[in-house]
$ cat entry.cif   # mmCIF, C-alpha atoms
data_entry
loop_
_atom_site.label_atom_id
_atom_site.label_comp_id
_atom_site.auth_asym_id
_atom_site.auth_seq_id
_atom_site.Cartn_x
_atom_site.Cartn_y
_atom_site.Cartn_z
CA MET X 1 -76.62 49.85 170.67
CA LYS X 2 -76.89 49.23 174.43
CA GLN X 3 -73.79 47.00 174.30
CA PHE X 4 -71.89 49.70 172.38
CA VAL X 5 -72.77 52.32 175.00
CA LEU X 6 -71.78 49.98 177.85
CA LYS X 7 -68.41 49.22 176.21
CA SER X 8 -67.76 52.91 175.58
CA VAL X 9 -68.57 53.82 179.18
CA SER X 10 -66.29 51.01 180.42
CA MET X 11 -63.41 52.23 178.27
CA ILE X 12 -63.87 55.80 179.50
CA LEU X 13 -63.88 54.54 183.11
CA ILE X 14 -60.63 52.58 182.53
CA ILE X 15 -58.91 55.58 180.97
CA SER X 16 -60.12 57.82 183.81
CA LEU X 17 -58.89 55.35 186.42
CA LEU X 18 -55.44 55.04 184.85
CA SER X 19 -55.14 58.81 184.44
CA ALA X 20 -56.20 59.40 188.04
CA GLN X 21 -53.57 56.93 189.26
CA ASN X 22 -50.83 58.61 187.25
CA PHE X 23 -51.80 62.09 188.40
CA SER X 24 -51.98 61.00 192.06
CA ILE X 25 -48.48 59.48 191.86
CA LEU X 26 -47.14 62.64 190.21
CA ALA X 27 -48.86 64.87 192.74
CA ASN X 28 -47.23 62.98 195.59
CA THR X 29 -43.72 63.13 194.21
CA LYS X 30 -43.59 66.45 192.40
CA SER X 31 -40.49 68.54 193.09
CA VAL X 32 -39.20 71.82 191.75
CA PRO X 33 -37.79 71.20 188.24
CA VAL X 34 -34.04 71.74 187.96
CA THR X 35 -31.62 71.22 185.09
CA PHE X 36 -27.86 70.98 185.33
CA ASP X 37 -25.24 72.28 182.96
CA GLU X 38 -23.40 69.65 180.88
CA SER X 39 -20.20 70.34 182.87
CA VAL X 40 -21.87 68.88 185.98
CA PHE X 41 -21.81 65.49 184.26
CA SER X 42 -18.03 65.42 184.01
CA TYR X 43 -14.97 65.48 186.28
CA ASP X 44 -11.30 66.34 186.02
CA GLU X 45 -9.60 63.05 185.12
CA ASP X 46 -6.07 64.50 185.63
CA LEU X 47 -6.99 65.73 189.10
CA LEU X 48 -8.41 62.32 189.96
CA MET X 49 -5.25 60.57 188.79
CA ALA X 50 -3.14 62.98 190.86
CA GLU X 51 -5.31 62.29 193.93
CA LEU X 52 -4.96 58.53 193.42
CA SER X 53 -1.24 58.47 192.61
CA ASP X 54 -0.17 57.06 196.03
CA ILE X 55 -2.93 54.44 195.97
CA ASN X 56 -2.03 53.43 192.44
CA LYS X 57 1.61 52.85 193.46
CA LEU X 58 0.44 50.63 196.32
CA ASP X 59 -1.98 48.84 193.99
CA VAL X 60 0.80 48.04 191.51
CA TYR X 61 2.96 46.70 194.35
CA VAL X 62 0.15 44.51 195.73
CA GLU X 63 -0.60 43.16 192.24
CA ALA X 64 3.07 42.28 191.77
CA ASN X 65 3.33 40.62 195.20
CA GLU X 66 0.36 38.29 195.29
CA GLY X 67 -0.94 37.48 198.74
CA ILE X 68 0.87 40.31 200.51
CA THR X 69 -1.08 41.94 203.36
CA LEU X 70 -1.06 45.32 205.04
CA ASP X 71 0.48 43.76 208.18
CA GLU X 72 3.45 42.49 206.17
CA LEU X 73 3.91 45.86 204.50
CA SER X 74 3.73 47.49 207.92
CA ARG X 75 6.40 45.15 209.31
CA GLU X 76 8.60 45.97 206.33
CA GLY X 77 8.11 49.67 207.10
CA SER X 78 6.87 50.29 203.57
CA PRO X 79 6.43 53.99 202.75
CA LEU X 80 3.60 52.99 200.39
CA ILE X 81 1.17 52.72 203.31
CA ALA X 82 2.02 55.96 205.10
CA ASN X 83 -1.48 57.42 204.74
CA MET X 84 -3.42 54.21 204.51
CA GLU X 85 -6.26 53.26 206.82
CA GLY X 86 -5.94 49.79 208.24
CA THR X 87 -9.34 48.28 207.52
CA ALA X 88 -10.88 46.84 204.40
CA SER X 89 -13.49 49.08 202.86
CA PRO X 90 -14.89 47.30 199.85
CA MET X 91 -18.35 48.66 200.41
CA GLY X 92 -17.68 52.31 200.66
CA MET X 93 -15.85 55.30 201.91
CA ALA X 94 -13.26 54.57 204.55
CA GLY X 95 -13.98 55.30 208.18
CA GLU X 96 -16.35 52.58 209.26
CA GLU X 97 -17.01 54.15 212.60
CA GLY X 98 -18.41 57.12 210.76
CA ASN X 99 -17.97 60.79 211.45
CA GLY X 100 -21.16 62.16 212.88
CA GLU X 101 -24.62 61.41 211.57
CA PRO X 102 -24.68 58.91 208.69
CA LEU X 103 -26.57 60.07 205.61
CA LEU X 104 -30.16 58.83 205.69
CA GLY X 105 -29.38 56.99 208.92
CA ILE X 106 -27.77 54.10 207.06
CA PRO X 107 -24.39 52.81 208.36
CA PRO X 108 -21.45 54.42 206.57
CA PHE X 109 -19.86 51.12 205.58
CA LEU X 110 -22.73 50.60 203.15
CA TRP X 111 -21.66 53.68 201.25
CA GLY X 112 -20.30 53.55 197.81
CA PHE X 113 -19.26 50.25 196.56
CA VAL X 114 -22.43 48.24 196.94
CA LEU X 115 -25.07 50.89 196.67
CA GLY X 116 -23.70 54.26 195.73
CA VAL X 117 -25.62 57.28 196.92
CA LEU X 118 -28.51 56.55 194.62
CA GLY X 119 -28.71 52.97 195.86
CA LEU X 120 -28.86 54.29 199.40
CA ILE X 121 -31.63 56.70 198.47
CA ILE X 122 -33.62 53.91 196.86
CA VAL X 123 -33.09 51.63 199.85
CA TYR X 124 -34.21 54.41 202.15
CA ALA X 125 -37.16 55.30 199.95
CA VAL X 126 -38.46 51.75 199.56
CA THR X 127 -37.43 50.00 202.75
CA GLU X 128 -36.29 52.22 205.56
CA TYR X 129 -38.90 54.92 205.55
CA ASP X 130 -41.80 53.91 207.75
CA LYS X 131 -42.04 50.25 206.82
CA ASP X 132 -45.77 50.08 207.61
CA LYS X 133 -46.55 52.93 205.25
CA THR X 134 -44.32 51.45 202.57
CA LYS X 135 -46.16 48.15 202.89
CA GLU X 136 -49.50 49.95 202.79
CA ALA X 137 -48.47 51.80 199.64
CA LEU X 138 -47.26 48.58 198.07
CA TRP X 139 -50.50 46.74 198.85
CA GLY X 140 -52.48 49.76 197.65
CA CYS X 141 -50.54 49.75 194.39
CA LEU X 142 -51.03 46.00 193.95
CA ALA X 143 -54.73 46.27 194.74
CA SER X 144 -55.34 49.09 192.27
CA THR X 145 -53.29 47.29 189.61
CA ALA X 146 -55.30 44.12 190.18
CA ALA X 147 -58.56 46.10 189.93
CA THR X 148 -57.41 47.72 186.68
CA VAL X 149 -56.39 44.38 185.21
CA LEU X 150 -59.74 42.88 186.23
CA ILE X 151 -61.69 45.68 184.52
CA VAL X 152 -59.56 45.39 181.34
CA VAL X 153 -60.14 41.61 181.27
CA LEU X 154 -63.89 42.03 181.77
CA VAL X 155 -64.20 44.67 179.04
CA SER X 156 -62.06 42.61 176.65
CA SER X 157 -64.25 39.57 177.31
CA ALA X 158 -67.39 41.65 176.71
CA ALA X 159 -65.93 42.90 173.43
CA VAL X 160 -65.15 39.36 172.26
CA TYR X 161 -68.58 37.89 173.08
CA MET S 1 -35.55 26.82 148.94
CA LYS S 2 -37.12 24.96 151.88
CA LEU S 3 -33.66 24.14 153.17
CA ILE S 4 -32.68 27.82 153.11
CA ILE S 5 -35.84 28.78 155.00
CA LEU S 6 -35.25 26.05 157.60
CA LEU S 7 -31.63 27.11 157.98
CA PHE S 8 -32.73 30.73 158.41
CA LEU S 9 -35.28 29.75 161.06
CA PHE S 10 -32.67 27.66 162.90
CA VAL S 11 -30.12 30.49 162.92
CA PHE S 12 -32.81 33.00 163.94
CA SER S 13 -34.04 30.87 166.87
CA LEU S 14 -30.46 30.21 167.98
CA ALA S 15 -29.69 33.95 167.92
CA SER S 16 -32.90 34.70 169.84
CA ASN S 17 -32.00 32.14 172.50
CA LEU S 18 -28.52 33.57 172.85
CA LEU S 19 -29.86 37.12 173.20
CA ALA S 20 -32.43 36.00 175.74
CA GLN S 21 -29.86 34.18 177.89
CA ASP S 22 -30.48 34.56 181.59
CA TYR S 23 -27.42 35.85 183.41
CA TYR S 24 -28.05 34.81 186.98
CA ARG S 25 -24.70 34.92 188.71
CA MET S 26 -21.38 36.65 188.37
CA SER S 27 -17.99 36.85 189.96
CA VAL S 28 -15.49 39.61 189.34
CA ASP S 29 -12.13 40.84 190.63
CA PHE S 30 -12.50 44.22 192.28
CA THR S 31 -10.24 46.99 193.47
CA THR S 32 -11.67 49.80 195.59
CA LYS S 33 -9.62 52.95 196.03
CA THR S 34 -10.84 55.69 198.34
CA LYS S 35 -9.17 59.01 198.97
CA GLN S 36 -10.55 61.36 201.58
CA ALA S 37 -10.20 65.12 201.38
CA GLU S 38 -7.86 65.18 204.39
CA GLY S 39 -5.43 62.79 202.67
CA LYS S 40 -6.19 59.39 204.19
CA PHE S 41 -6.68 56.60 201.70
CA ASN S 42 -7.80 53.01 201.51
CA LEU S 43 -7.14 50.17 199.11
CA THR S 44 -9.20 46.99 199.11
CA LYS S 45 -8.78 44.13 196.67
CA GLY S 46 -10.49 40.81 196.20
CA ARG S 47 -13.21 38.99 194.32
CA ILE S 48 -16.98 39.33 194.51
CA PHE S 49 -19.49 36.53 194.06
CA TYR S 50 -23.18 37.25 193.52
CA ASP S 51 -26.16 35.09 192.62
CA LYS S 52 -29.33 37.01 191.82
CA TYR S 53 -31.69 34.20 192.83
CA THR S 54 -30.24 33.48 196.26
CA LYS S 55 -29.23 37.16 196.62
CA GLY S 56 -26.08 36.17 198.45
CA LEU S 57 -23.30 38.72 198.06
CA ILE S 58 -19.83 37.52 199.04
CA TYR S 59 -16.62 39.52 199.16
CA ASP S 60 -13.49 37.41 199.21
CA ILE S 61 -10.94 40.03 200.20
CA HIS S 62 -7.17 39.50 200.00
CA PHE S 63 -5.92 43.01 200.74
CA PRO S 64 -5.43 44.72 203.21
CA ALA S 65 -5.99 41.38 204.95
CA LYS S 66 -7.51 38.07 204.01
CA GLU S 67 -11.15 38.04 205.09
CA LYS S 68 -14.66 37.38 203.84
CA TRP S 69 -17.67 39.66 203.98
CA ILE S 70 -21.07 38.09 203.44
CA VAL S 71 -24.17 40.18 202.88
CA GLN S 72 -27.33 38.14 202.96
CA ASP S 73 -30.93 38.79 203.98
CA SER S 74 -30.61 41.81 206.24
CA LYS S 75 -27.27 41.05 207.83
CA ILE S 76 -23.62 41.52 207.11
CA TYR S 77 -21.11 39.00 208.43
CA LYS S 78 -17.35 39.49 208.48
CA LEU S 79 -15.15 36.44 208.79
CA ILE S 80 -11.48 35.74 209.26
CA ASN S 81 -10.39 32.13 208.79
CA ASP S 82 -14.07 31.17 208.51
CA SER S 83 -14.86 32.55 211.97
CA ILE S 84 -17.39 35.35 212.26
CA TYR S 85 -15.89 38.33 214.06
CA PHE S 86 -18.52 40.94 213.21
CA THR S 87 -22.27 40.88 212.51
CA GLU S 88 -24.63 43.78 211.97
CA GLU S 89 -28.25 44.25 210.95
CA ILE S 90 -28.58 46.28 207.76
CA PRO S 91 -31.40 47.09 205.35
CA SER S 92 -31.96 44.48 202.63
CA ILE S 93 -29.71 46.03 200.07
CA ASN S 94 -28.71 43.33 197.64
CA GLU S 95 -31.44 44.07 195.10
CA PHE S 96 -30.14 47.61 194.78
CA THR S 97 -26.54 46.68 194.08
CA VAL S 98 -24.83 47.24 190.77
CA PHE S 99 -24.46 43.45 190.46
CA HIS S 100 -28.15 42.68 190.85
CA LEU S 101 -29.12 45.55 188.56
CA ALA S 102 -26.63 44.48 185.87
CA LEU S 103 -27.72 40.82 186.00
CA ASN S 104 -31.34 41.96 185.58
CA SER S 105 -30.48 44.44 182.80
CA ASN S 106 -31.76 47.27 184.99
CA LEU S 107 -28.58 49.30 185.26
CA THR S 108 -29.59 52.00 182.74
CA TYR S 109 -31.54 53.97 185.35
CA PHE S 110 -29.85 52.32 188.35
CA GLY S 111 -33.16 50.62 189.12
CA LEU S 112 -34.95 53.91 189.85
CA ASN S 113 -37.71 53.06 187.41
CA LYS S 114 -38.19 49.68 189.12
CA ALA S 115 -38.40 51.41 192.51
CA LYS S 116 -41.46 53.41 191.40
CA PHE S 117 -39.59 56.67 190.90
CA LEU S 118 -40.92 58.72 187.99
CA ILE S 119 -39.10 60.81 185.40
CA ASP S 120 -39.93 64.50 185.74
CA ASN S 121 -38.01 65.89 182.81
CA ILE S 122 -35.68 64.77 180.01
CA ASP S 123 -32.95 66.91 178.52
CA LYS S 124 -30.27 66.41 175.86
CA LYS S 125 -26.80 67.88 176.34
CA GLY S 126 -24.21 66.92 173.70
CA ASP S 127 -24.11 63.13 173.55
CA LEU S 128 -25.84 62.78 176.92
CA ILE S 129 -29.51 62.07 177.46
CA ILE S 130 -30.28 63.37 180.94
CA SER S 131 -33.35 62.37 182.93
CA TYR S 132 -34.44 64.23 186.05
CA TRP S 133 -36.41 62.22 188.58
CA ASN S 134 -39.15 63.14 191.01
CA ILE S 135 -38.08 62.84 194.63
CA PRO S 136 -40.46 61.10 197.05
CA PRO S 137 -41.80 63.68 199.53
CA HIS S 138 -40.31 62.01 202.59
CA ILE S 139 -36.73 62.50 201.38
CA GLN S 140 -37.14 65.91 199.77
CA ASN S 141 -35.70 67.49 202.92
CA MET S 142 -32.38 65.75 202.17
CA ILE S 143 -32.32 65.26 198.41
CA LYS S 144 -33.60 67.81 195.92
CA THR S 145 -32.55 66.43 192.55
CA ILE S 146 -31.51 63.14 191.03
CA ALA S 147 -30.24 63.37 187.47
CA ILE S 148 -29.15 60.37 185.42
CA ALA S 149 -27.14 60.78 182.22
CA LYS S 150 -27.11 58.06 179.59
CA LYS S 151 -24.45 57.86 176.91
CA LYS S 152 -24.93 55.48 173.96
CA ASN S 153 -27.91 54.04 175.85
CA SER S 154 -25.79 52.98 178.84
CA LEU S 155 -25.73 54.54 182.28
CA TYR S 156 -22.96 57.15 182.31
CA SER S 157 -23.46 59.45 185.27
CA ILE S 158 -25.63 60.06 188.34
CA VAL S 159 -25.75 63.44 190.01
CA VAL S 160 -27.48 63.98 193.35
CA SER S 161 -28.02 67.47 194.70
CA GLY S 162 -29.37 68.86 197.94
CA GLU S 163 -30.56 72.23 199.17
CA ASN S 164 -29.90 75.15 196.77
CA ASN S 165 -28.81 72.66 194.12
CA LYS S 166 -25.59 71.93 195.99
CA ILE S 167 -24.05 68.82 194.46
CA LEU S 168 -23.76 66.10 197.08
CA ASN S 169 -22.48 63.28 194.93
CA LYS S 170 -21.47 62.44 191.41
CA GLN S 171 -21.01 58.95 190.09
CA PHE S 172 -19.61 57.89 186.72
CA PHE S 173 -19.85 54.49 185.04
CA LYS S 174 -17.15 53.90 182.44
CA ASP S 175 -15.13 51.37 180.47
CA TYR S 176 -18.08 49.03 180.00
CA ILE S 177 -17.29 45.33 179.65
CA SER S 178 -19.68 43.51 177.30
CA ILE S 179 -20.10 39.74 177.36
CA GLY S 180 -22.88 38.59 175.06
CA GLY S 181 -25.89 40.63 176.10
CA PHE S 182 -24.40 41.42 179.52
CA GLU S 183 -22.91 44.83 180.24
CA PHE S 184 -20.97 45.88 183.32
CA PRO S 185 -18.96 49.02 184.06
CA GLY S 186 -15.22 48.36 184.28
CA THR S 187 -14.78 51.52 186.34
CA ILE S 188 -17.10 53.39 188.70
CA VAL S 189 -15.92 56.79 189.91
CA GLN S 190 -17.68 58.45 192.81
CA ILE S 191 -17.08 61.96 194.06
CA TYR S 192 -18.58 62.92 197.42
CA TYR S 193 -18.69 66.55 198.44
CA ASP S 194 -18.49 67.30 202.15
CA VAL S 195 -20.09 70.28 203.91
CA ASN S 196 -17.09 72.45 202.98
CA ASN S 197 -17.34 71.32 199.35
CA ASN S 198 -14.12 69.29 199.63
CA LYS S 199 -13.98 66.29 197.34
CA ASN S 200 -13.72 62.71 198.56
CA TYR S 201 -13.01 60.18 195.83
CA GLN S 202 -13.79 56.55 195.42
CA VAL S 203 -12.84 54.52 192.37
CA MET S 204 -13.92 50.93 191.85
CA GLU S 205 -12.28 48.85 189.15
CA PHE S 206 -13.53 45.50 187.91
CA LYS S 207 -11.93 42.83 185.76
CA ASN S 208 -12.09 39.11 184.97
CA ILE S 209 -15.87 38.79 184.99
CA LEU S 210 -17.18 35.23 185.07
CA LEU S 211 -20.87 34.71 184.31
CA ASN S 212 -23.14 31.80 185.22
CA ASP S 213 -20.27 29.88 186.80
CA THR S 214 -21.52 26.40 187.73
CA GLU S 215 -18.18 24.86 188.63
CA ASN S 216 -17.57 26.74 191.88
CA GLU S 217 -20.97 26.52 193.52
CA GLU S 218 -19.55 26.87 197.04
CA ASN S 219 -18.24 30.35 196.24
CA TYR S 220 -21.79 31.67 195.78
CA HIS S 221 -23.46 30.01 198.77
CA TYR S 222 -21.33 30.38 201.83
CA GLN S 223 -22.61 28.23 204.69
CA LEU S 224 -22.40 30.24 207.87
CA GLU S 225 -21.75 28.27 211.05
CA LYS S 226 -24.67 28.57 213.43
#

$ encode --input "entry.cif" --output "structure tokens"
Amino acid sequence: MKQFVLKSVSMILIISLLSAQNFSILANTKSVPVTFDESVFSYDEDLLMAELSDINKLDVYVEANEGITLDELSREGSPLIANMEGTASPMGMAGEEGNGEPLLGIPPFLWGFVLGVLGLIIVYAVTEYDKDKTKEALWGCLASTAATVLIVVLVSSAAVY
Amino acid sequence: MKLIILLFLFVFSLASNLLAQDYYRMSVDFTTKTKQAEGKFNLTKGRIFYDKYTKGLIYDIHFPAKEKWIVQDSKIYKLINDSIYFTEEIPSINEFTVFHLALNSNLTYFGLNKAKFLIDNIDKKGDLIISYWNIPPHIQNMIKTIAIAKKKNSLYSIVVSGENNKILNKQFFKDYISIGGFEFPGTIVQIYYDVNNNKNYQVMEFKNILLNDTENEENYHYQLEK
């Protein structure tokens, strides 16, 4: 009977601990709930194609002339590069020098290709924001997880024996 | 009968092994097209090499000019003819790239769930399953909402909004390429809205994916000259 009561109390403590952890995480990150209309999750494909028409012509030309560079096109006086910026921008929006304050304080050349906005937000959230606090939170999370695992193991062992 | 059972077990274990295959590195041809609201554009073409264990990300660019960009640890190096001409400290970003996420089968929520973000609400609109995510307090002054739409269980769209639900960015993942159990978007469309609500576009196209390439080791581990 005593063992049954002890096991029951242990189980209740585990459930309480897990619930408390979940609620504390939610309490820290709660924001005002918002929902978007379905149209937000779409874009005008025709408009996009129209916007990219000059780039697509250049792309076709570059594909057909393997190894050609912007310098060579410039020397040829190609009209295909009339509005083109001269630097590579594989990692994001053009304009490496940036115009004004970069979003989240992260250099503009990291925009887009590698991370996307969401990637940037995650990077900022988990690495850039107050590194000491992030580390603290991480160790706190690990410590509480370890404690939970330890309690579960102990209770399971008690149940077996 | 025993033979049939053995054959079944063999086929089953083979199928399990194939499904559980570890995709640890990839290379892919890329084209990045950006178009700014004021009309300027940019085209960049080349091939990307990424290994998820060494976390080395290498861009072998051939247009607009031949150069290499290497992102490793918390630095980016740019090289022309194997000589470094630019170095900059950056956050450690490689684990949050589309390549790392895809190789770890974490692309569905763009790694948000792995970064300790929590789902606040789930909604269904047509064939989209939309999840709304809680925003950590320290970035709520910049970002108000992150919504991720899944279509057929794959990541389809990400919408980020700011103050007064103003859309800051939309991102779409399309034309998925499937190789075995590996999935990667063939096209990523991003739309950035500036302060005047003008649209800036960026389209990334991928083709010729090569997985777990062991014959071109040097492409994945560029040795920088000290």

$ resolve_selection --input "entry.cif" --expression "the PyMOL selection byres ((chain S and resi 144) around 7)" --output "PyMOL selection string"
chain S and resi 135+140+142-143+145+161-163

$ atom_distance --input "entry.cif" --atom1 "atom CA of S:Leu224" --atom2 "atom CA of S:Leu210"
23.9 Å

$ interface_residues --input "entry.cif" --of "chain S" --to "chain X" --cutoff "6 Å" --atoms "all atoms listed in the file" --output "tab-separated table (two decimals) with C-alpha atoms, in the coordinates of the input"
chain	number	residue	atom	x	y	z
S	32	THR	CA	-11.67	49.80	195.59
S	40	LYS	CA	-6.19	59.39	204.19
S	41	PHE	CA	-6.68	56.60	201.70
S	42	ASN	CA	-7.80	53.01	201.51
S	44	THR	CA	-9.20	46.99	199.11
S	63	PHE	CA	-5.92	43.01	200.74
S	64	PRO	CA	-5.43	44.72	203.21
S	65	ALA	CA	-5.99	41.38	204.95
S	96	PHE	CA	-30.14	47.61	194.78
S	97	THR	CA	-26.54	46.68	194.08
S	125	LYS	CA	-26.80	67.88	176.34
S	134	ASN	CA	-39.15	63.14	191.01
S	135	ILE	CA	-38.08	62.84	194.63
S	136	PRO	CA	-40.46	61.10	197.05
S	137	PRO	CA	-41.80	63.68	199.53

$ atom_distance --input "entry.cif" --atom1 "atom CA of S:Val195" --atom2 "atom CA of S:Lys166"
9.8 Å

$ residues_around --input "entry.cif" --residues "S:Ala37" --least-positions-apart "4" --cutoff "7 Å" --atoms "only C-alpha atoms" --output "JSON, numbers by chain"
{"S": [198, 199, 200]}

$ atom_distance --input "entry.cif" --atom1 "atom CA of S:Ile167" --atom2 "atom CA of S:Asn197"
8.7 Å

$ closest_residue --input "entry.cif" --among "S:Trp69, S:Leu103, S:Gly180, S:Phe30" --to "S:Glu88" --atoms "all atoms listed in the file"
S:Trp69

$ resolve_selection --input "entry.cif" --expression "the PyMOL selection byres ((chain S and resi 87) around 8)" --output "PyMOL selection string"
chain S and resi 75-78+84-86+88-89

$ residues_around --input "entry.cif" --residues "S:Phe184" --least-positions-apart "5" --cutoff "10 Å" --atoms "all atoms listed in the file" --output "PDB file with C-alpha atoms, in the frame of the given file"
ATOM      1  CA  VAL S  98     -24.830  47.240 190.770  1.00  0.00           C
ATOM      2  CA  PHE S  99     -24.460  43.450 190.460  1.00  0.00           C
ATOM      3  CA  LEU S 101     -29.120  45.550 188.560  1.00  0.00           C
ATOM      4  CA  ALA S 102     -26.630  44.480 185.870  1.00  0.00           C
ATOM      5  CA  LEU S 103     -27.720  40.820 186.000  1.00  0.00           C
ATOM      6  CA  SER S 105     -30.480  44.440 182.800  1.00  0.00           C
ATOM      7  CA  LEU S 107     -28.580  49.300 185.260  1.00  0.00           C
ATOM      8  CA  SER S 154     -25.790  52.980 178.840  1.00  0.00           C
ATOM      9  CA  LEU S 155     -25.730  54.540 182.280  1.00  0.00           C
ATOM     10  CA  PHE S 173     -19.850  54.490 185.040  1.00  0.00           C
ATOM     11  CA  LYS S 174     -17.150  53.900 182.440  1.00  0.00           C
ATOM     12  CA  ASP S 175     -15.130  51.370 180.470  1.00  0.00           C
ATOM     13  CA  TYR S 176     -18.080  49.030 180.000  1.00  0.00           C
ATOM     14  CA  ILE S 177     -17.290  45.330 179.650  1.00  0.00           C
ATOM     15  CA  SER S 178     -19.680  43.510 177.300  1.00  0.00           C
ATOM     16  CA  ILE S 179     -20.100  39.740 177.360  1.00  0.00           C
ATOM     17  CA  PHE S 206     -13.530  45.500 187.910  1.00  0.00           C
ATOM     18  CA  LYS S 207     -11.930  42.830 185.760  1.00  0.00           C
ATOM     19  CA  ILE S 209     -15.870  38.790 184.990  1.00  0.00           C
TER      20      ILE S 209
END

$ residues_around --input "entry.cif" --residues "X:Glu45" --least-positions-apart "6" --cutoff "12 Å" --atoms "all atoms listed in the file" --output "mmCIF file with C-alpha atoms, in the coordinates of the input"
data_model
loop_
_atom_site.group_PDB
_atom_site.id
_atom_site.type_symbol
_atom_site.label_atom_id
_atom_site.label_comp_id
_atom_site.auth_asym_id
_atom_site.auth_seq_id
_atom_site.Cartn_x
_atom_site.Cartn_y
_atom_site.Cartn_z
ATOM 1 C CA GLU X 51 -5.310 62.290 193.930
ATOM 2 C CA LEU X 52 -4.960 58.530 193.420
ATOM 3 C CA PHE S 172 -19.610 57.890 186.720
ATOM 4 C CA VAL S 189 -15.920 56.790 189.910
ATOM 5 C CA ILE S 191 -17.080 61.960 194.060
ATOM 6 C CA TYR S 201 -13.010 60.180 195.830
ATOM 7 C CA VAL S 203 -12.840 54.520 192.370
#

$ resolve_selection --input "entry.cif" --expression "the PyMOL selection byres ((chain S and resi 152) around 12)" --output "list of chain:residue names"
S:Thr108, S:Gly126, S:Asp127, S:Leu128, S:Ile129, S:Ile130, S:Ala149, S:Lys150, S:Lys151, S:Asn153, S:Ser154, S:Leu155, S:Tyr156, S:Lys174, S:Tyr176

$ residues_around --input "entry.cif" --residues "S:Tyr59" --least-positions-apart "4" --cutoff "7 Å" --atoms "all atoms listed in the file" --output "number ranges by chain"
S: 46-49, 68-70

$ residues_around --input "entry.cif" --residues "S:Ala147" --least-positions-apart "2" --cutoff "6 Å" --atoms "only C-alpha atoms" --output "MDAnalysis selection string"
chainID S and resid 131:132 158:159
